>>> print(open('model03.csv').read())   # CSV, N, CA and C atoms
chain,number,residue,atom,x,y,z
A,1,MET,N,-7.7,-33.9,20.9
A,1,MET,CA,-6.4,-33.3,20.6
A,1,MET,C,-5.5,-33.6,21.8
A,2,THR,N,-4.3,-34.1,21.5
A,2,THR,CA,-3.4,-34.5,22.6
A,2,THR,C,-2.7,-33.2,23.0
A,3,VAL,N,-2.1,-33.4,24.2
A,3,VAL,CA,-1.3,-32.3,24.8
A,3,VAL,C,-0.1,-32.0,24.0
A,4,GLU,N,0.5,-33.1,23.4
A,4,GLU,CA,1.7,-32.9,22.6
A,4,GLU,C,1.4,-32.1,21.3
A,5,ARG,N,0.2,-32.4,20.7
A,5,ARG,CA,-0.2,-31.7,19.5
A,5,ARG,C,-0.5,-30.2,19.8
A,6,ILE,N,-1.1,-29.9,20.9
A,6,ILE,CA,-1.4,-28.6,21.3
A,6,ILE,C,-0.1,-27.8,21.6
A,7,ALA,N,0.9,-28.5,22.2
A,7,ALA,CA,2.2,-27.9,22.5
A,7,ALA,C,2.9,-27.6,21.2
A,8,LYS,N,2.8,-28.5,20.2
A,8,LYS,CA,3.5,-28.3,18.9
A,8,LYS,C,2.8,-27.1,18.2
A,9,ILE,N,1.5,-27.0,18.2
A,9,ILE,CA,0.8,-25.9,17.5
A,9,ILE,C,1.2,-24.6,18.2
A,10,ALA,N,1.2,-24.6,19.6
A,10,ALA,CA,1.6,-23.4,20.3
A,10,ALA,C,3.0,-23.0,20.0
A,11,GLY,N,3.9,-23.9,19.9
A,11,GLY,CA,5.3,-23.7,19.5
A,11,GLY,C,5.4,-23.0,18.1
A,12,TRP,N,4.7,-23.6,17.2
A,12,TRP,CA,4.8,-23.0,15.8
A,12,TRP,C,4.2,-21.6,15.8
A,13,ALA,N,3.1,-21.4,16.6
A,13,ALA,CA,2.5,-20.0,16.7
A,13,ALA,C,3.5,-19.1,17.2
A,14,ALA,N,4.2,-19.5,18.3
A,14,ALA,CA,5.3,-18.6,18.9
A,14,ALA,C,6.4,-18.3,17.9
A,15,VAL,N,6.8,-19.3,17.1
A,15,VAL,CA,7.8,-19.1,16.1
A,15,VAL,C,7.3,-18.1,15.0
A,16,GLY,N,6.1,-18.3,14.6
A,16,GLY,CA,5.5,-17.4,13.6
A,16,GLY,C,5.4,-16.0,14.1
A,17,LEU,N,5.0,-15.8,15.4
A,17,LEU,CA,4.9,-14.4,15.9
A,17,LEU,C,6.3,-13.8,16.1
A,18,ALA,N,7.3,-14.6,16.5
A,18,ALA,CA,8.6,-14.1,16.6
A,18,ALA,C,9.2,-13.7,15.2
A,19,ALA,N,8.9,-14.5,14.2
A,19,ALA,CA,9.3,-14.2,12.8
A,19,ALA,C,8.7,-13.0,12.3
A,20,ALA,N,7.4,-12.8,12.6
A,20,ALA,CA,6.7,-11.6,12.1
A,20,ALA,C,7.2,-10.4,12.8
A,21,ALA,N,7.5,-10.5,14.1
A,21,ALA,CA,8.1,-9.3,14.8
A,21,ALA,C,9.5,-9.0,14.3
A,22,GLY,N,10.3,-10.0,14.0
A,22,GLY,CA,11.6,-9.8,13.4
A,22,GLY,C,11.5,-9.1,12.1
A,23,ILE,N,10.6,-9.6,11.2
A,23,ILE,CA,10.5,-9.0,9.9
A,23,ILE,C,10.0,-7.6,10.0
A,24,GLY,N,9.1,-7.3,10.9
A,24,GLY,CA,8.6,-5.9,11.1
A,24,GLY,C,9.7,-5.0,11.6
A,25,LEU,N,10.6,-5.6,12.5
A,25,LEU,CA,11.7,-4.8,13.0
A,25,LEU,C,12.6,-4.4,11.9
A,26,VAL,N,13.0,-5.4,11.1
A,26,VAL,CA,13.9,-5.2,10.0
A,26,VAL,C,13.3,-4.2,8.9
A,27,LEU,N,12.0,-4.4,8.6
A,27,LEU,CA,11.4,-3.5,7.6
A,27,LEU,C,11.3,-2.1,8.1
A,28,GLY,N,11.1,-1.9,9.4
A,28,GLY,CA,11.2,-0.5,10.0
A,28,GLY,C,12.5,0.2,9.7
A,29,PHE,N,13.6,-0.6,10.0
A,29,PHE,CA,14.9,0.0,9.7
A,29,PHE,C,15.2,0.2,8.3
A,30,VAL,N,14.7,-0.7,7.4
A,30,VAL,CA,14.9,-0.5,6.0
A,30,VAL,C,14.2,0.7,5.5
A,31,VAL,N,12.9,0.9,5.9
A,31,VAL,CA,12.1,2.1,5.5
A,31,VAL,C,12.8,3.4,6.0
A,32,GLN,N,13.3,3.3,7.3
A,32,GLN,CA,14.0,4.5,7.8
A,32,GLN,C,15.2,4.8,7.1
A,33,ALA,N,16.0,3.8,6.8
A,33,ALA,CA,17.3,4.0,6.0
A,33,ALA,C,17.0,4.6,4.6
A,34,LEU,N,16.1,4.0,3.9
A,34,LEU,CA,15.7,4.5,2.6
A,34,LEU,C,15.2,5.9,2.6
A,35,TRP,N,14.3,6.2,3.5
A,35,TRP,CA,13.7,7.5,3.6
A,35,TRP,C,14.9,8.5,3.9
A,36,ASN,N,15.7,8.3,4.9
A,36,ASN,CA,16.7,9.2,5.4
A,36,ASN,C,17.8,9.3,4.3
A,37,TRP,N,17.9,8.4,3.4
A,37,TRP,CA,18.9,8.4,2.4
A,37,TRP,C,18.4,9.2,1.2
A,38,LEU,N,17.1,9.0,0.8
A,38,LEU,CA,16.6,9.6,-0.4
A,38,LEU,C,15.8,10.9,-0.2
A,39,MET,N,14.8,10.9,0.7
A,39,MET,CA,13.9,12.0,0.8
A,39,MET,C,14.5,13.4,1.2
A,40,PRO,N,15.4,13.5,2.1
A,40,PRO,CA,15.9,14.8,2.4
A,40,PRO,C,16.7,15.4,1.2
A,41,GLU,N,17.4,14.6,0.5
A,41,GLU,CA,18.2,15.0,-0.6
A,41,GLU,C,17.3,15.4,-1.8
A,42,LEU,N,16.4,14.5,-2.1
A,42,LEU,CA,15.5,14.7,-3.3
A,42,LEU,C,14.4,15.7,-3.1
A,43,PHE,N,13.8,15.7,-1.9
A,43,PHE,CA,12.6,16.6,-1.8
A,43,PHE,C,12.7,17.6,-0.6
A,44,GLY,N,13.9,17.6,0.1
A,44,GLY,CA,14.1,18.5,1.2
A,44,GLY,C,13.2,18.2,2.4
A,45,LEU,N,12.9,16.9,2.6
A,45,LEU,CA,12.1,16.5,3.7
A,45,LEU,C,13.0,16.2,4.9
A,46,ALA,N,12.5,16.2,6.1
A,46,ALA,CA,13.2,15.9,7.3
A,46,ALA,C,13.5,14.4,7.4
A,47,GLU,N,14.6,14.1,8.1
A,47,GLU,CA,14.8,12.7,8.4
A,47,GLU,C,13.8,12.2,9.4
A,48,ILE,N,13.5,10.9,9.5
A,48,ILE,CA,12.5,10.3,10.4
A,48,ILE,C,13.1,9.3,11.3
A,49,THR,N,12.4,9.1,12.4
A,49,THR,CA,12.8,8.1,13.4
A,49,THR,C,12.4,6.7,13.0
A,50,TYR,N,12.8,5.8,13.8
A,50,TYR,CA,12.4,4.4,13.5
A,50,TYR,C,10.9,4.2,13.6
A,51,TRP,N,10.3,4.8,14.6
A,51,TRP,CA,8.8,4.6,14.8
A,51,TRP,C,8.0,5.4,13.7
A,52,GLN,N,8.6,6.5,13.3
A,52,GLN,CA,7.9,7.2,12.2
A,52,GLN,C,8.0,6.3,10.9
A,53,ALA,N,9.1,5.6,10.7
A,53,ALA,CA,9.3,4.8,9.6
A,53,ALA,C,8.3,3.6,9.6
A,54,VAL,N,8.1,3.0,10.8
A,54,VAL,CA,7.1,2.0,11.0
A,54,VAL,C,5.7,2.5,10.6
A,55,GLY,N,5.4,3.7,11.1
A,55,GLY,CA,4.1,4.3,10.8
A,55,GLY,C,4.0,4.6,9.3
A,56,VAL,N,5.0,5.0,8.6
A,56,VAL,CA,4.9,5.2,7.1
A,56,VAL,C,4.7,3.9,6.4
A,57,PHE,N,5.4,2.8,6.9
A,57,PHE,CA,5.2,1.5,6.3
A,57,PHE,C,3.8,1.0,6.5
A,58,VAL,N,3.2,1.1,7.7
A,58,VAL,CA,1.9,0.7,8.0
A,58,VAL,C,0.9,1.5,7.1
A,59,LEU,N,1.1,2.8,7.1
A,59,LEU,CA,0.2,3.7,6.3
A,59,LEU,C,0.2,3.3,4.8
A,60,CYS,N,1.4,3.1,4.3
A,60,CYS,CA,1.5,2.7,2.9
A,60,CYS,C,0.8,1.3,2.7
A,61,HIS,N,1.0,0.4,3.6
A,61,HIS,CA,0.3,-0.9,3.5
A,61,HIS,C,-1.2,-0.7,3.4
A,62,LEU,N,-1.7,0.1,4.3
A,62,LEU,CA,-3.2,0.3,4.4
A,62,LEU,C,-3.7,1.0,3.1
A,63,LEU,N,-2.9,2.0,2.6
A,63,LEU,CA,-3.4,2.8,1.5
A,63,LEU,C,-3.3,2.0,0.2
A,64,PHE,N,-2.2,1.3,0.0
A,64,PHE,CA,-1.8,0.8,-1.3
A,64,PHE,C,-2.1,-0.7,-1.4
A,65,LYS,N,-1.9,-1.5,-0.4
A,65,LYS,CA,-2.1,-2.9,-0.5
A,65,LYS,C,-3.5,-3.3,-0.1
A,66,GLY,N,-4.1,-2.5,0.8
A,66,GLY,CA,-5.5,-2.8,1.2
A,66,GLY,C,-5.6,-3.9,2.1
A,67,HIS,N,-6.7,-4.5,2.3
A,67,HIS,CA,-6.9,-5.6,3.2
A,67,HIS,C,-8.1,-6.4,2.7
A,68,GLY,N,-8.2,-7.6,3.1
A,68,GLY,CA,-9.3,-8.4,2.7
A,68,GLY,C,-8.9,-9.5,1.7
A,69,ASP,N,-9.5,-9.6,0.6
A,69,ASP,CA,-9.2,-10.6,-0.4
A,69,ASP,C,-7.8,-10.6,-0.9
A,70,HIS,N,-7.0,-11.6,-0.6
A,70,HIS,CA,-5.6,-11.7,-1.1
A,70,HIS,C,-5.4,-12.8,-2.1
A,71,SER,N,-6.5,-13.0,-2.9
A,71,SER,CA,-6.4,-14.1,-3.9
A,71,SER,C,-5.5,-13.7,-5.1
A,72,SER,N,-5.1,-14.6,-5.9
A,72,SER,CA,-4.3,-14.3,-7.0
A,72,SER,C,-5.1,-14.4,-8.3
A,73,GLN,N,-6.2,-13.7,-8.4
A,73,GLN,CA,-7.0,-13.8,-9.6
A,73,GLN,C,-6.7,-12.8,-10.6
A,74,GLY,N,-5.5,-12.1,-10.5
A,74,GLY,CA,-5.1,-11.1,-11.5
A,74,GLY,C,-5.0,-9.8,-10.8
A,75,ASN,N,-4.6,-8.8,-11.7
A,75,ASN,CA,-4.4,-7.4,-11.2
A,75,ASN,C,-5.6,-6.7,-10.7
A,76,ASP,N,-6.8,-7.1,-11.2
A,76,ASP,CA,-8.0,-6.4,-10.8
A,76,ASP,C,-8.8,-7.1,-9.8
A,77,SER,N,-8.3,-8.1,-9.1
A,77,SER,CA,-9.0,-8.9,-8.2
A,77,SER,C,-9.5,-8.1,-7.0
A,78,HIS,N,-8.9,-7.0,-6.7
A,78,HIS,CA,-9.3,-6.2,-5.5
A,78,HIS,C,-10.4,-5.2,-5.9
A,79,ASP,N,-10.6,-4.9,-7.2
A,79,ASP,CA,-11.6,-3.9,-7.5
A,79,ASP,C,-13.0,-4.3,-7.1
A,80,HIS,N,-13.3,-5.6,-7.0
A,80,HIS,CA,-14.6,-6.0,-6.5
A,80,HIS,C,-14.8,-5.6,-5.0
A,81,HIS,N,-13.8,-5.7,-4.2
A,81,HIS,CA,-13.9,-5.4,-2.8
A,81,HIS,C,-13.5,-4.0,-2.5
A,82,HIS,N,-12.8,-3.3,-3.4
A,82,HIS,CA,-12.4,-2.0,-3.3
A,82,HIS,C,-12.8,-1.2,-4.5
A,83,PRO,N,-14.1,-0.8,-4.5
A,83,PRO,CA,-14.7,-0.2,-5.7
A,83,PRO,C,-13.9,1.0,-6.3
A,84,HIS,N,-13.2,1.7,-5.4
A,84,HIS,CA,-12.5,2.9,-5.9
A,84,HIS,C,-11.1,2.6,-6.3
A,85,GLY,N,-10.7,1.3,-6.4
A,85,GLY,CA,-9.3,0.9,-6.8
A,85,GLY,C,-9.0,1.4,-8.2
A,86,ALA,N,-9.9,1.3,-9.1
A,86,ALA,CA,-9.6,1.7,-10.5
A,86,ALA,C,-9.4,3.3,-10.5
A,87,TRP,N,-10.3,4.0,-9.8
A,87,TRP,CA,-10.2,5.4,-9.7
A,87,TRP,C,-8.8,5.9,-9.1
A,88,ILE,N,-8.4,5.2,-8.1
A,88,ILE,CA,-7.1,5.5,-7.4
A,88,ILE,C,-6.0,5.3,-8.4
A,89,ARG,N,-6.0,4.1,-9.1
A,89,ARG,CA,-4.9,3.9,-10.1
A,89,ARG,C,-4.9,5.0,-11.2
A,90,ASP,N,-6.1,5.4,-11.7
A,90,ASP,CA,-6.2,6.4,-12.7
A,90,ASP,C,-5.7,7.7,-12.1
A,91,ARG,N,-6.0,8.0,-10.9
A,91,ARG,CA,-5.5,9.3,-10.3
A,91,ARG,C,-4.0,9.3,-10.2
A,92,VAL,N,-3.4,8.2,-9.8
A,92,VAL,CA,-2.0,8.1,-9.6
A,92,VAL,C,-1.3,8.2,-11.0
A,93,HIS,N,-1.9,7.5,-12.0
A,93,HIS,CA,-1.3,7.6,-13.4
A,93,HIS,C,-1.4,9.1,-13.9
A,94,ARG,N,-2.5,9.8,-13.6
A,94,ARG,CA,-2.6,11.2,-14.0
A,94,ARG,C,-1.6,12.1,-13.3
A,95,ALA,N,-1.4,11.8,-12.0
A,95,ALA,CA,-0.4,12.6,-11.2
A,95,ALA,C,1.0,12.4,-11.7
A,96,VAL,N,1.3,11.1,-12.1
A,96,VAL,CA,2.7,10.8,-12.6
A,96,VAL,C,2.9,11.5,-13.9
A,97,ARG,N,1.9,11.6,-14.8
A,97,ARG,CA,2.0,12.2,-16.1
A,97,ARG,C,2.0,13.7,-15.9
A,98,GLY,N,1.5,14.3,-14.8
A,98,GLY,CA,1.5,15.7,-14.6
A,98,GLY,C,0.2,16.3,-14.9
A,99,ASP,N,-0.9,15.6,-15.2
A,99,ASP,CA,-2.2,16.1,-15.6
A,99,ASP,C,-3.2,15.6,-14.6
A,100,ALA,N,-2.9,15.8,-13.3
A,100,ALA,CA,-3.9,15.4,-12.2
A,100,ALA,C,-5.2,16.2,-12.3
A,101,GLU,N,-6.2,15.5,-11.9
A,101,GLU,CA,-7.6,16.1,-11.9
A,101,GLU,C,-7.6,17.4,-11.0
A,102,PRO,N,-8.5,18.3,-11.3
A,102,PRO,CA,-8.6,19.5,-10.4
A,102,PRO,C,-9.0,19.0,-9.0
A,103,HIS,N,-8.7,19.8,-8.0
A,103,HIS,CA,-9.0,19.5,-6.6
A,103,HIS,C,-10.5,19.3,-6.5
A,104,GLY,N,-11.0,18.3,-5.7
A,104,GLY,CA,-12.4,18.1,-5.5
A,104,GLY,C,-13.0,17.0,-6.3
A,105,HIS,N,-12.3,16.5,-7.3
A,105,HIS,CA,-12.9,15.4,-8.0
A,105,HIS,C,-12.7,14.1,-7.2
A,106,GLY,N,-13.7,13.3,-7.3
A,106,GLY,CA,-13.6,12.1,-6.5
A,106,GLY,C,-14.1,10.9,-7.3
A,107,PRO,N,-14.2,9.7,-6.7
A,107,PRO,CA,-14.6,8.5,-7.4
A,107,PRO,C,-16.0,8.7,-8.1
A,108,GLY,N,-16.9,9.4,-7.6
A,108,GLY,CA,-18.2,9.6,-8.2
A,108,GLY,C,-18.3,10.7,-9.1
A,109,SER,N,-17.3,11.5,-9.4
A,109,SER,CA,-17.4,12.6,-10.2
A,109,SER,C,-16.4,12.6,-11.4
A,110,ALA,N,-16.6,11.6,-12.3
A,110,ALA,CA,-15.8,11.5,-13.5
A,110,ALA,C,-16.1,12.6,-14.5
A,111,ASP,N,-15.1,12.8,-15.3
A,111,ASP,CA,-15.3,13.9,-16.4
A,111,ASP,C,-16.5,13.4,-17.3
A,112,PRO,N,-17.2,14.4,-17.9
A,112,PRO,CA,-18.3,14.0,-18.8
A,112,PRO,C,-17.8,13.2,-19.9
A,113,GLY,N,-18.5,12.1,-20.2
A,113,GLY,CA,-18.1,11.2,-21.3
A,113,GLY,C,-17.1,10.2,-20.9
A,114,GLU,N,-16.7,10.2,-19.6
A,114,GLU,CA,-15.6,9.3,-19.2
A,114,GLU,C,-16.2,8.4,-18.1
A,115,GLU,N,-16.0,7.1,-18.2
A,115,GLU,CA,-16.5,6.2,-17.2
A,115,GLU,C,-15.7,6.3,-16.0
A,116,PRO,N,-16.3,6.1,-14.8
A,116,PRO,CA,-15.5,6.2,-13.6
A,116,PRO,C,-14.5,5.1,-13.5
A,117,GLY,N,-13.3,5.4,-13.3
A,117,GLY,CA,-12.2,4.3,-13.2
A,117,GLY,C,-11.6,4.0,-14.5
A,118,ALA,N,-12.1,4.6,-15.6
A,118,ALA,CA,-11.5,4.4,-16.9
A,118,ALA,C,-10.2,5.1,-17.1
A,119,PRO,N,-9.2,4.5,-17.6
A,119,PRO,CA,-7.9,5.1,-17.8
A,119,PRO,C,-8.0,6.3,-18.7
A,120,ALA,N,-7.2,7.3,-18.4
A,120,ALA,CA,-7.1,8.5,-19.3
A,120,ALA,C,-6.6,8.1,-20.7
A,121,ILE,N,-7.1,8.8,-21.7
A,121,ILE,CA,-6.6,8.4,-23.1
A,121,ILE,C,-5.5,9.3,-23.5
A,122,GLU,N,-5.5,10.6,-23.2
A,122,GLU,CA,-4.5,11.5,-23.7
A,122,GLU,C,-3.2,11.2,-23.0
A,123,GLY,N,-2.1,11.1,-23.8
A,123,GLY,CA,-0.8,11.0,-23.2
A,123,GLY,C,-0.5,9.6,-22.6
A,124,SER,N,-1.3,8.6,-22.8
A,124,SER,CA,-1.1,7.3,-22.2
A,124,SER,C,-0.1,6.6,-23.1
A,125,ALA,N,0.7,5.7,-22.4
A,125,ALA,CA,1.7,5.0,-23.2
A,125,ALA,C,1.2,3.7,-23.6
>>> encode(input="model03.csv", output="structure tokens")
Amino acid sequence: MTVERIAKIAGWAAVGLAAAAGIGLVLGFVVQALWNWLMPELFGLAEITYWQAVGVFVLCHLLFKGHGDHSSQGNDSHDHHHPHGAWIRDRVHRAVRGDAEPHGHGPGSADPGEEPGAPAIEGSA
């Protein structure tokens, strides 16, 4: 590998890191602005700082996007690597409908006669 090629690769890596840092900076401000605009008015929550907004963004990324396989094999492509993905989706759907499971139920404790991760039947659209 020539010195010119190494310099070119290093330059592109620096541009990529700068772009990622810039996007992260902007996303932190976007999350902060959206939170401070919506959450105090809607839910009575306190306003947050920039670094708290970055933390919320990272937390949401870890909880909802996951990590690992980022293939485009369809909506259920992450269930193989994240076995509780279907259970989490079902739990969110139940919470949105207002019929969340009792406290203490987890991925291994489905209701009798219900497969783990199976969508709820009652009230589904």
>>> closest_residue(input="model03.csv", among="A:Val92, A:Leu59, A:Val31, A:Ala21", to="Glu47 (chain A)", atoms="only C-alpha atoms")
A:Val31
>>> atom_distance(input="model03.csv", atom1="atom C of Gly24 (chain A)", atom2="atom N of Thr49 (chain A)")
14.4 Å
>>> closest_residue(input="model03.csv", among="A:Cys60, A:Ile48, A:Ile9, A:Val54", to="Gly28 (chain A)", atoms="only N, CA and C atoms")
A:Val54
>>> atom_distance(input="model03.csv", atom1="atom N of Ala53 (chain A)", atom2="atom C of Gln32 (chain A)")
7.1 Å
>>> select_by_dssp(input="model03.csv", residues="region 24-70 of chain A", states="helix (DSSP H, G or I)", output="NGL selection string")
:A and (24-43 or 50-65)
>>> atom_distance(input="model03.csv", atom1="CA of Arg89 (chain A)", atom2="atom C of Leu62 (chain A)")
13.6 Å
>>> decode(input="model03.csv", residues="region 2-80 of chain A", atoms="C-alpha atoms", output="mmCIF file, in the first residue's frame")
data_model
loop_
_atom_site.group_PDB
_atom_site.id
_atom_site.type_symbol
_atom_site.label_atom_id
_atom_site.label_comp_id
_atom_site.auth_asym_id
_atom_site.auth_seq_id
_atom_site.Cartn_x
_atom_site.Cartn_y
_atom_site.Cartn_z
ATOM 1 C CA THR A 2 1.401 3.375 -0.955
ATOM 2 C CA VAL A 3 1.748 6.360 1.335
ATOM 3 C CA GLU A 4 -0.702 8.298 -0.853
ATOM 4 C CA ARG A 5 -3.341 5.594 -0.496
ATOM 5 C CA ILE A 6 -2.879 5.451 3.286
ATOM 6 C CA ALA A 7 -3.172 9.242 3.486
ATOM 7 C CA LYS A 8 -6.345 9.136 1.378
ATOM 8 C CA ILE A 9 -7.906 6.475 3.630
ATOM 9 C CA ALA A 10 -6.911 8.417 6.758
ATOM 10 C CA GLY A 11 -8.443 11.564 5.260
ATOM 11 C CA TRP A 12 -11.740 9.809 4.539
ATOM 12 C CA ALA A 13 -11.736 8.322 8.048
ATOM 13 C CA ALA A 14 -11.250 11.807 9.514
ATOM 14 C CA VAL A 15 -14.085 13.171 7.359
ATOM 15 C CA GLY A 16 -16.312 10.293 8.482
ATOM 16 C CA LEU A 17 -15.528 10.885 12.158
ATOM 17 C CA ALA A 18 -16.156 14.622 11.783
ATOM 18 C CA ALA A 19 -19.467 13.934 10.021
ATOM 19 C CA ALA A 20 -20.534 11.478 12.743
ATOM 20 C CA ALA A 21 -19.635 13.987 15.449
ATOM 21 C CA GLY A 22 -21.573 16.708 13.628
ATOM 22 C CA ILE A 23 -24.635 14.507 13.216
ATOM 23 C CA GLY A 24 -24.432 13.515 16.889
ATOM 24 C CA LEU A 25 -24.197 17.176 17.896
ATOM 25 C CA VAL A 26 -27.235 18.106 15.812
ATOM 26 C CA LEU A 27 -29.270 15.099 17.009
ATOM 27 C CA GLY A 28 -28.578 16.048 20.627
ATOM 28 C CA PHE A 29 -29.998 19.518 20.007
ATOM 29 C CA VAL A 30 -32.989 18.093 18.113
ATOM 30 C CA VAL A 31 -33.831 15.664 20.948
ATOM 31 C CA GLN A 32 -33.402 18.440 23.530
ATOM 32 C CA ALA A 33 -35.628 20.836 21.593
ATOM 33 C CA LEU A 34 -38.335 18.229 21.024
ATOM 34 C CA TRP A 35 -38.275 17.075 24.646
ATOM 35 C CA ASN A 36 -38.379 20.610 26.061
ATOM 36 C CA TRP A 37 -41.176 21.539 23.658
ATOM 37 C CA LEU A 38 -43.405 18.486 24.236
ATOM 38 C CA MET A 39 -42.723 16.664 27.485
ATOM 39 C CA PRO A 40 -43.170 19.448 30.065
ATOM 40 C CA GLU A 41 -46.485 20.502 28.517
ATOM 41 C CA LEU A 42 -47.863 17.018 27.840
ATOM 42 C CA PHE A 43 -46.618 15.048 30.839
ATOM 43 C CA GLY A 44 -45.420 17.648 33.348
ATOM 44 C CA LEU A 45 -41.795 16.490 33.079
ATOM 45 C CA ALA A 46 -38.816 18.777 33.637
ATOM 46 C CA GLU A 47 -36.823 20.295 30.808
ATOM 47 C CA ILE A 48 -33.491 18.599 30.044
ATOM 48 C CA THR A 49 -29.976 19.757 29.206
ATOM 49 C CA TYR A 50 -28.072 18.983 26.019
ATOM 50 C CA TRP A 51 -26.114 16.124 27.626
ATOM 51 C CA GLN A 52 -29.278 14.624 29.103
ATOM 52 C CA ALA A 53 -30.781 14.723 25.606
ATOM 53 C CA VAL A 54 -27.730 12.913 24.223
ATOM 54 C CA GLY A 55 -28.165 10.316 26.985
ATOM 55 C CA VAL A 56 -31.855 9.881 26.132
ATOM 56 C CA PHE A 57 -30.951 9.448 22.455
ATOM 57 C CA VAL A 58 -28.276 6.835 23.221
ATOM 58 C CA LEU A 59 -30.590 5.006 25.635
ATOM 59 C CA CYS A 60 -33.396 4.890 23.071
ATOM 60 C CA HIS A 61 -30.960 3.655 20.446
ATOM 61 C CA LEU A 62 -29.785 0.848 22.714
ATOM 62 C CA LEU A 63 -33.278 -0.141 23.847
ATOM 63 C CA PHE A 64 -35.214 0.109 20.602
ATOM 64 C CA LYS A 65 -32.763 -0.221 17.741
ATOM 65 C CA GLY A 66 -30.498 -2.797 19.325
ATOM 66 C CA HIS A 67 -27.114 -3.685 17.968
ATOM 67 C CA GLY A 68 -25.622 -6.412 15.850
ATOM 68 C CA ASP A 69 -27.292 -7.620 12.656
ATOM 69 C CA HIS A 70 -28.390 -4.607 10.594
ATOM 70 C CA SER A 71 -29.485 -6.588 7.545
ATOM 71 C CA SER A 72 -32.609 -5.761 5.572
ATOM 72 C CA GLN A 73 -34.267 -9.182 5.765
ATOM 73 C CA GLY A 74 -37.588 -7.778 6.891
ATOM 74 C CA ASN A 75 -39.189 -6.597 10.104
ATOM 75 C CA ASP A 76 -38.417 -9.743 12.096
ATOM 76 C CA SER A 77 -34.730 -10.004 11.101
ATOM 77 C CA HIS A 78 -33.623 -9.013 14.616
ATOM 78 C CA ASP A 79 -35.708 -11.642 16.447
ATOM 79 C CA HIS A 80 -33.075 -14.312 15.807
#
